[in-house]
Structures are given as C-alpha cells and as structure tokens.
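Chemist: Take a look at the following structure, please.
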Amino acid sequence: MKSPKRILIAPLNWGLGHATRCIPIIRELLRQGQEVWIASDGRALELLRHEFPQLPTLELPAYDVRYPRKRLLYFLILQMPKVLLAIVREHRILQGWIDEHRIDAVISDNRLGCFSKKVPCAVISHQLSIFTRPAIVGKVATFLHRLILRRYDSCWIPDLEGPDNLSGDLAHGMKLPNMKYIGLLTRIEPGELPERYDLLTILSGPEPLRSDWEHLILEQVANLPYRVLIVQGKPEKQEHYFPYPHVEVCSFMDSKELNKAILESRVILSRSGYSTIMDLAVLNKKAILVPTPGQPEQEYLALYGYRKGWYYTQLQEDFDLEKGMEEVEKSQGFNFKEAGSGRLEQVLKEWVKSD
C-alpha cells in the first residue's frame, strides 16, 4: 500500500470564497487517505482552521489589497507593486516549505506565487478572462493572468464544460493547455428543513465594503416584517446578538451551521461571488445577489445568472430589500443539483496517482 501524499492547500485571502471552495477538496483528499496541510492568511486561514482544527497550518504573506469606496481602479493600480511583492515572497516561501516540510504536491486557489518545479502544482480559477474598465486594462490583465496560470502543471476550472455552466465567458470560449473542468465545488449538502427565517444574509468581501454593506442591510431590515439572520463572515470573532427582535446577527458559522441555516431560510441575500453561486446552485434556493461595487467580475456574474432566471439582482446603489423580496419570487431558480457529481473524486485520484 502506498504511503499518503502530503498535499498543501493554499487559497487566496480575498473574501472567503476561495477558502470555502477548498473545503470539498480537503474533505475528499482526507477521504482518500492523503495528508493535508493548509496555507493562507487572514480570515481565509481562520475559516479553514475552524473547519479543520486537526490539520497543520502555515501562514503566507498577505496581499493586503485595500478597497476604497471610490476610484477603485486607480487605487488597485497603485497597490499592484505591493501585490507583486507578496506573490514573489510567497513563491520563495513555498520553495523552502517544500523541502522543510516534505510537501509532495500543492493545490493553489488563485494564489499566483504557489507554483514550483519541485512538485506537481495545480491552480484553481474560474476566471480565465478578467473583465474591468477600461477594456484595455482587462485585456492586459487577462494576458498576464494566463501567463501565470500556465506555470502550473494543471489549471482546474470549478465549473461544467459546455453551454450549461455557471461562469459564462469568465471561463469559457478559450483554451489553456493545462486546463480541466472539474465540476462545481461546494461545501453545501442539499436537504430539507422547516423554514425558520424569511431571509438569510451572508456577508463577505474586503473591508470597508463588507461593513458598508452590513450597515445598509441593517438599516433596511429594521422596519421590515421579516425574520432575518445575518452571518457577518468574521471567523476571528464569536458574537451572537439581536439588534432588533426579529433580526439575529452571528459573527461566523462553520460549514455545518451555515448549511443548516441555508436550508431553514426562504431567501438568501449575498454578494454575487462565484463560490456563493456554486453553493446556491446545488440547493435551488431563491436568492438576491448584489455585486460588490467596483468588481466587474461580480457584476458580470450577477447579470449572467439574472438573465437566465436563476436569481434576482440589484446594484448596491439601488438596493431596495422590500422590492427584492417581491421580485425574487419571479426567479426560476437553479437546476444544478447533480452538477459535477463524482468528478472531483476522480480528478483528485488521477492527479495524486500521476505524481
């Protein structure tokens, strides 16, 4: 019998989506008898420590991107030297860890410096094309991004190949020699539970935009007759309180707790992040998705799914929860319950075996 491989999982700390979609990968690798280590920083690392307290963890340099409320592109360009430095640093650190900790393989979720010629390395990305304004900036960013993705032995797309897919033009219509569609990655298990909440709000994303979004929601739910649960997406805290009699706020829920809360809720309110959309797709839940201001990727995904009738969407500047709760009933919902079922198991078996 072969000894287990020591596999390092390294998600980007940019919101919580990159970390949450690594959860089914970690679970499957453990089920297959492999040894898993985790590397990240900030809230992403805290979340995975909550989910897998028994696994060893390592801390990578933070990209530390700040999101201003205005002039987003200008400030992101100013921060690029800092991001590139963090990518170079994480690459050097990884090279040392591979020898020091005897790492056999690496799976990176959008951490662009976590590749090496020493061991097999896979990268997870649903965004082969980068949309931004002006368009020329997006084209340059796409070219550079694909150059980096080619440095990995495998590029895994968490979606389905063909016309029935969740990511649209973000991950379709182009080819990389190392790319492979691996099905949807979700930590959520379908089921049925008695309805407890009219609305479950799942908060995530970079500050200060996450906090601005929370304050806007609290202002509107205060005077609306809905039973509301707000999950703040702060794994570093342990708070639970009721700002209003009908509104419950929880700083963080692990996957099992959040799974239960989603099943107990009639409507989900969230950002239109891709990992969130994958979670919702397997449950066929009514959802209101509001893209993070200044993130063209989320704006694209929100409109893409809205046009297909999967959910209702609003811009944050036009956010009207009462209207959203009425309009969401017109959405058809998803039909992806079995999407990619069993594909992840096979991909990981083949990948580990090919080492």
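Letters for chains follow the order of the structure tokens (A, B, ...), residue numbers begin at 1 for each chain, and ligand numbers begin at 1 in the order shown.
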Determine, using only C-alpha atoms, which residues of region 127-156 of chain A have any atom at most 12 Å from an atom of region 114-119 of chain A, and tabulate each with its shortest atom pair and distance in Å to one decimal place, rows ordered by chain and then rising number, as JSON lines.
Modeler:
```
{"residue": "A:Ile148", "atom": "CA", "partner": "A:Phe115", "partner_atom": "CA", "distance": 9.3}
{"residue": "A:Leu149", "atom": "CA", "partner": "A:Phe115", "partner_atom": "CA", "distance": 9.3}
{"residue": "A:Arg150", "atom": "CA", "partner": "A:Phe115", "partner_atom": "CA", "distance": 10.1}
{"residue": "A:Arg151", "atom": "CA", "partner": "A:Phe115", "partner_atom": "CA", "distance": 6.9}
{"residue": "A:Tyr152", "atom": "CA", "partner": "A:Phe115", "partner_atom": "CA", "distance": 6.0}
{"residue": "A:Asp153", "atom": "CA", "partner": "A:Phe115", "partner_atom": "CA", "distance": 8.6}
{"residue": "A:Ser154", "atom": "CA", "partner": "A:Phe115", "partner_atom": "CA", "distance": 10.4}
{"residue": "A:Cys155", "atom": "CA", "partner": "A:Phe115", "partner_atom": "CA", "distance": 11.3}
```
Chemist: Please save C-alpha atoms of the selected residues as a CSV table (one decimal), in the first residue's frame.
Modeler:
```
chain,number,residue,atom,x,y,z
A,148,ILE,CA,0.9,32.8,-14.7
A,149,LEU,CA,-1.7,30.0,-14.9
A,150,ARG,CA,0.5,28.3,-17.4
A,151,ARG,CA,3.3,28.0,-14.8
A,152,TYR,CA,1.2,25.3,-13.0
A,153,ASP,CA,1.0,21.7,-14.1
A,154,SER,CA,-2.8,21.8,-14.0
A,155,CYS,CA,-5.4,24.6,-14.1
```
Chemist: Using only C-alpha atoms, what table do you get, as CSV, when you list each residue of region 157-276 of chain A with an atom no more than 9 Å from region 35-48 of chain A, its nearest pair of atoms, and their distance in Å rounded to one decimal, rows by chain then rising number?
Modeler:
```
residue,atom,partner,partner_atom,distance
A:Gly233,CA,A:Arg43,CA,8.5
A:Lys234,CA,A:Arg43,CA,7.0
A:Pro235,CA,A:Leu47,CA,5.6
A:Glu236,CA,A:Glu46,CA,6.5
A:Phe252,CA,A:Leu47,CA,8.9
A:Asp254,CA,A:Leu47,CA,7.7
```
Chemist: Residues within 10 Å of Ser125 (chain A), please, as a ChimeraX atom specification. Count only C-alpha atoms; anything in the same chain fewer than 3 positions from it doesn't count.
Modeler: /A:18,108-111,122,128,149,155-159,170-171,179
Chemist: List every residue of region 239-353 of chain A that DSSP, applied to the backbone of this structure, assigns to alpha helix (DSSP H), and report them as a PyMOL selection string.
Modeler: chain A and resi 255-263+274-281+296-307+321-327+343-353
Chemist: Sorted by chain and rising residue number, list the residues of region 208-290 of chain A at most 8 Å from region 184-189 of chain A (counting only C-alpha atoms), each with its closest atom pair and distance in Å to one decimal, as a tab-separated table.
Modeler:
```
residue	atom	partner	partner_atom	distance
A:Ser255	CA	A:Arg187	CA	6.7
A:Asn259	CA	A:Ile188	CA	5.7
A:Ser275	CA	A:Thr186	CA	7.4
A:Met278	CA	A:Thr186	CA	6.0
A:Asp279	CA	A:Thr186	CA	5.1
A:Val282	CA	A:Ile188	CA	7.6
A:Leu283	CA	A:Glu189	CA	7.9
```
Chemist: Save out the residues we just selected, C-alpha atoms, as a JSON list (two decimals), in the first residue's frame.
Modeler:
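Everything below was put into out.json:
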```json
[["chain", "number", "residue", "atom", "x", "y", "z"],
["A", 255, "SER", "CA", -19.99, 24.85, 7.12],
["A", 259, "ASN", "CA", -25.66, 24.60, 5.71],
["A", 275, "SER", "CA", -18.24, 30.45, -4.74],
["A", 278, "MET", "CA", -21.88, 27.44, -6.65],
["A", 279, "ASP", "CA", -23.24, 26.87, -3.13],
["A", 282, "VAL", "CA", -26.95, 22.81, -5.65],
["A", 283, "LEU", "CA", -29.82, 23.92, -3.38]]
```
Chemist: To one decimal in Å, tell me the separation between CA of Val106 (chain A) and CA of Gly17 (chain A).
Modeler: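 Value for the CA of Val106 (chain A)-CA of Gly17 (chain A) distance: 18.7 Å.
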Chemist: Nearest to Pro293 (chain A): which of A:Gln346, A:Thr276, A:Gln314, A:Asn335 is it, counting only C-alpha atoms?
Modeler: A:Gln314
Chemist: Counting only C-alpha atoms, what is within 10 Å of Tyr300 (chain A), bar same-chain residues fewer than 2 positions away, as a ChimeraX atom specification?
Modeler: /A:131,167-170,272,291,295-298,302-306
Chemist: Residues near Ala62 (chain A), anyone? I mean within 10 Å using only C-alpha atoms, not counting same-chain ones fewer than 3 positions away, as a list in words.
Modeler: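 Near Ala62 (chain A), the qualifying residues are Leu12, Asn13, Trp14, Ser40, Asp41, Gly42, Glu59, Val65, Lys82, Val83, Ala86, Ile87, Arg89 and Glu90 of chain A.
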Chemist: Do a neighbour search on Leu344 (chain A) at 9 Å with only C-alpha atoms, toss out local chain neighbours closer than 4 positions, and write the hits as a PyMOL selection string.
Modeler: chain A and resi 24-25+28+182-185+340+348-349
Chemist: For Lys260 (chain A), list every protein, DNA or RNA residue within 9 Å, evaluated using only C-alpha atoms, and leave out those in the same chain fewer than 4 positions away; present the list as a list in words.
Modeler: Gly191, Leu193, Ser255, Lys256, Glu264 and Ser265 of chain A
Chemist: Quick check, in Å to one decimal: how far apart do CA of His240 (chain A) and CA of Glu195 (chain A) lie?
Modeler: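 Atom-to-atom, CA of His240 (chain A) and CA of Glu195 (chain A) are spaced 20.3 Å apart.
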Chemist: I'd like the interatomic distance between CA of His246 (chain A) and CA of Val221 (chain A), to a tenth of an Å.
Modeler: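 Going from CA of His246 (chain A) over to CA of Val221 (chain A), I get 8.9 Å.
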Chemist: Would you please work out which residue, of A:Pro120, A:Gly162, A:Leu60, A:Val231, is nearest to Ser354 (chain A) when using only C-alpha atoms?
Modeler: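 Checking each of A:Pro120, A:Gly162, A:Leu60, A:Val231 against Ser354 (chain A), counting only C-alpha atoms, the winner is A:Pro120.
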Chemist: From the list A:Glu51, A:Pro134, A:Ala222, A:Arg196, which residue is nearest Met253 (chain A) when using only C-alpha atoms?
Modeler: A:Glu51
Chemist: Using DSSP on the backbone coordinates, identify all residues within region 192-285 of chain A classified as strand (DSSP E); present the result as an MDAnalysis selection string.
Modeler: chainID A and resid 197:202 228:231 240:244 247:250 265:270
Chemist: Restricting the calculation to only C-alpha atoms: of A:Phe143, A:Ala10, A:Arg21, A:Gln54, which residue gets closest to Leu94 (chain A)?
Modeler: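 Under the stated criterion, the closest residue is A:Ala10.
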Chemist: Given only C-alpha atoms as the basis, pick out the residue of A:Ser204, A:Gln220, A:Ser331, A:Ser251 nearest to Thr313 (chain A).
Modeler: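 Using only C-alpha atoms, the shortest distance to Thr313 (chain A) belongs to A:Ser331.
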